[in-house]
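Worksheet: one structure, shown below.
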Amino acid sequence: MRVTKRRAETRGRLLEAAFRVFAAKGYGQARIDDVCAEAGYTRGAFYSNFGTLDELFFALYDERAAIIAAQVTDALTADRAAPIEPSIHAVIARTAATLLLDRDWLLVKTDFLLHAARHPEVATRLAEHRTQLRTAIESRLRGVQGRLALPPGVADVPAAAHAVVAAYDGVTVQLLLDGDMPAARAWLTQLLTALLVR
């Protein structure tokens, strides 16, 4: 049990260190030695937990995706016990507030997207991970489906989930350029409203 706990702590510290290194240097410029130095570990500690930097990134991505899914769930269910059911506009506003991640993570994710675009096998894995996130959003949308009045151009919940991810991707690109989080949240709220409310 002690070894398992120590291994989990080592893995956690490597993930935290990788996030800092990726954000500071860019995924394409980061090296395993950089992550090890930041975490205070040897390469042996790295290889006992991850085979490659790509594998470490996917662990980081899954960790962040789980946080997003939990935040979105909270946003969609926060008022469930309230006497009056929240409006879909309130649900969209809360969801927009939680879907936006910190700028450093957006930089890391965008760097890795460019890396994946040049390596088909990595792109395939990234597409699978993005599908899992989209499926999680789809599941959340089904939870409020009775209150959604999808416009004619959005045929069903899977299409709505695709639209949500596309809107999110577009808004986060703008956020990376201007760093204006309040404006990005406002734009995402407007886009989601246009996409999901007739």
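Identifiers in the structure tokens: chain A, B, ... in order shown; residue index from 1 per chain; ligand index from 1 in order shown.
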
Could you name the residues that touch A:Ala163 at 9 Å or less, counting only C-alpha atoms, but leaving out those on the same chain fewer than 4 positions away, as a CSV table (one decimal) with N, CA and C atoms, in the first residue's frame?
```
chain,number,residue,atom,x,y,z
A,154,VAL,N,-30.1,22.1,-35.7
A,154,VAL,CA,-29.5,21.2,-34.8
A,154,VAL,C,-30.5,20.1,-34.6
A,158,PRO,N,-26.8,14.7,-30.0
A,158,PRO,CA,-25.4,14.5,-30.5
A,158,PRO,C,-24.9,15.7,-31.3
A,159,ALA,N,-25.8,16.2,-32.2
A,159,ALA,CA,-25.5,17.4,-33.0
A,159,ALA,C,-25.3,18.6,-32.2
A,167,ALA,N,-18.3,25.6,-30.7
A,167,ALA,CA,-18.4,27.0,-30.1
A,167,ALA,C,-17.3,27.2,-29.1
A,168,TYR,N,-17.1,26.2,-28.2
A,168,TYR,CA,-16.1,26.3,-27.2
A,168,TYR,C,-14.7,26.5,-27.8
A,192,LEU,N,-23.9,29.6,-27.3
A,192,LEU,CA,-24.7,28.4,-26.8
A,192,LEU,C,-26.2,28.7,-26.8
A,195,LEU,N,-27.3,28.4,-30.3
A,195,LEU,CA,-27.3,27.0,-30.8
A,195,LEU,C,-28.3,26.2,-30.2
A,196,LEU,N,-28.7,26.4,-28.9
A,196,LEU,CA,-29.5,25.5,-28.2
A,196,LEU,C,-30.9,26.0,-27.9
```

So which one's closest to A:Ile92, A:Ala116, A:Leu106, A:Val164, A:Ala45? Using only C-alpha atoms, please.
A:Val164

Rounded to one decimal in Å, what is the spacing between atom CA of A:Thr52 and atom CA of A:His115?
13.8 Å

With DSSP run on the backbone, what are the helix (DSSP H, G or I) residues within stretch 39-144 of chain A? I'd like them as a PyMOL selection string.
chain A and resi 39+43-47+53-77+88-99+103-117+120-143

Identify, on the basis of only C-alpha atoms, every residue whose closest approach to A:Arg103 does not exceed 9 Å; exclude the query and any residue fewer than 5 positions from it along the same chain; express the result as a PyMOL selection string.
chain A and resi 108+172+175-176+179+181

Residues at most 12 Å from A:Glu63, counting only C-alpha atoms, excluding those fewer than 2 positions away in the same chain, as a JSON list (two decimals) with C-alpha atoms, in the first residue's frame?
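Produced file selection.json, reproduced below:
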```json
[["chain", "number", "residue", "atom", "x", "y", "z"],
["A", 12, "GLY", "CA", 0.72, 13.36, -9.55],
["A", 15, "LEU", "CA", 1.64, 15.60, -14.08],
["A", 16, "GLU", "CA", 1.76, 18.91, -12.22],
["A", 19, "PHE", "CA", 1.67, 21.13, -16.95],
["A", 56, "LEU", "CA", 1.81, 11.87, -20.06],
["A", 57, "PHE", "CA", -0.15, 14.50, -21.99],
["A", 58, "PHE", "CA", -3.10, 12.13, -22.46],
["A", 59, "ALA", "CA", -3.12, 11.43, -18.72],
["A", 60, "LEU", "CA", -3.16, 15.19, -18.15],
["A", 61, "TYR", "CA", -5.93, 15.63, -20.74],
["A", 65, "ALA", "CA", -11.63, 16.37, -18.95],
["A", 66, "ALA", "CA", -12.84, 14.70, -15.75],
["A", 67, "ILE", "CA", -12.72, 18.06, -13.97],
["A", 68, "ILE", "CA", -14.67, 19.72, -16.81],
["A", 69, "ALA", "CA", -17.30, 16.96, -16.78],
["A", 70, "ALA", "CA", -17.74, 17.36, -13.03],
["A", 105, "TRP", "CA", -4.19, 24.86, -20.19],
["A", 129, "HIS", "CA", -10.16, 11.52, -26.13],
["A", 133, "LEU", "CA", -15.38, 14.63, -23.73]]
```

Please identify all polymer residues within 12 Å of A:Gly28, counting only C-alpha atoms, omitting same-chain residues fewer than 4 positions from it, and present them as a tab-separated table (two decimals) with N, CA and C atoms, in the first residue's frame.
```tsv
chain	number	residue	atom	x	y	z
A	21	VAL	N	5.70	22.92	-17.22
A	21	VAL	CA	6.72	22.94	-18.28
A	21	VAL	C	6.07	23.16	-19.65
A	22	PHE	N	5.00	22.44	-19.93
A	22	PHE	CA	4.31	22.59	-21.22
A	22	PHE	C	3.81	24.03	-21.40
A	23	ALA	N	3.26	24.60	-20.32
A	23	ALA	CA	2.73	25.96	-20.41
A	23	ALA	C	3.85	26.97	-20.63
A	24	ALA	N	4.99	26.77	-20.01
A	24	ALA	CA	6.10	27.72	-20.09
A	24	ALA	C	6.89	27.60	-21.40
A	32	ILE	N	11.59	15.31	-21.69
A	32	ILE	CA	11.38	14.50	-20.48
A	32	ILE	C	12.27	15.00	-19.35
A	53	LEU	N	6.22	11.33	-23.56
A	53	LEU	CA	5.57	12.61	-23.24
A	53	LEU	C	4.12	12.62	-23.74
A	54	ASP	N	3.87	11.98	-24.88
A	54	ASP	CA	2.50	11.91	-25.39
A	54	ASP	C	1.59	11.21	-24.39
A	57	PHE	N	0.84	13.48	-21.61
A	57	PHE	CA	-0.15	14.50	-21.99
A	57	PHE	C	-1.56	13.92	-21.94
A	107	LEU	N	-3.19	26.96	-23.81
A	107	LEU	CA	-1.92	26.98	-24.53
A	107	LEU	C	-1.37	25.57	-24.70
A	108	VAL	N	-1.38	24.80	-23.62
A	108	VAL	CA	-0.87	23.43	-23.66
A	108	VAL	C	-1.67	22.60	-24.65
A	109	LYS	N	-2.98	22.70	-24.54
A	109	LYS	CA	-3.86	21.91	-25.41
A	109	LYS	C	-3.68	22.27	-26.88
A	110	THR	N	-3.53	23.57	-27.16
A	110	THR	CA	-3.35	24.02	-28.54
A	110	THR	C	-2.01	23.56	-29.09
A	111	ASP	N	-0.94	23.65	-28.29
A	111	ASP	CA	0.37	23.14	-28.70
A	111	ASP	C	0.28	21.66	-29.06
A	112	PHE	N	-0.42	20.91	-28.23
A	112	PHE	CA	-0.50	19.47	-28.47
A	112	PHE	C	-1.34	19.18	-29.72
A	113	LEU	N	-2.36	19.98	-29.96
A	113	LEU	CA	-3.18	19.81	-31.16
A	113	LEU	C	-2.31	19.95	-32.42
A	114	LEU	N	-1.41	20.93	-32.43
A	114	LEU	CA	-0.51	21.11	-33.56
A	114	LEU	C	0.44	19.91	-33.69
A	115	HIS	N	0.91	19.42	-32.57
A	115	HIS	CA	1.77	18.22	-32.57
A	115	HIS	C	1.01	17.04	-33.15
A	116	ALA	N	-0.24	16.85	-32.71
A	116	ALA	CA	-1.05	15.72	-33.18
A	116	ALA	C	-1.34	15.84	-34.67
A	118	ARG	N	0.51	16.75	-36.92
A	118	ARG	CA	1.67	16.31	-37.70
A	118	ARG	C	1.99	14.84	-37.49
```

For A:Phe46, work out the shell of residues within 8 Å, counting only C-alpha atoms and skipping chain neighbours fewer than 5 positions away, then give it as a count of residues only.
5
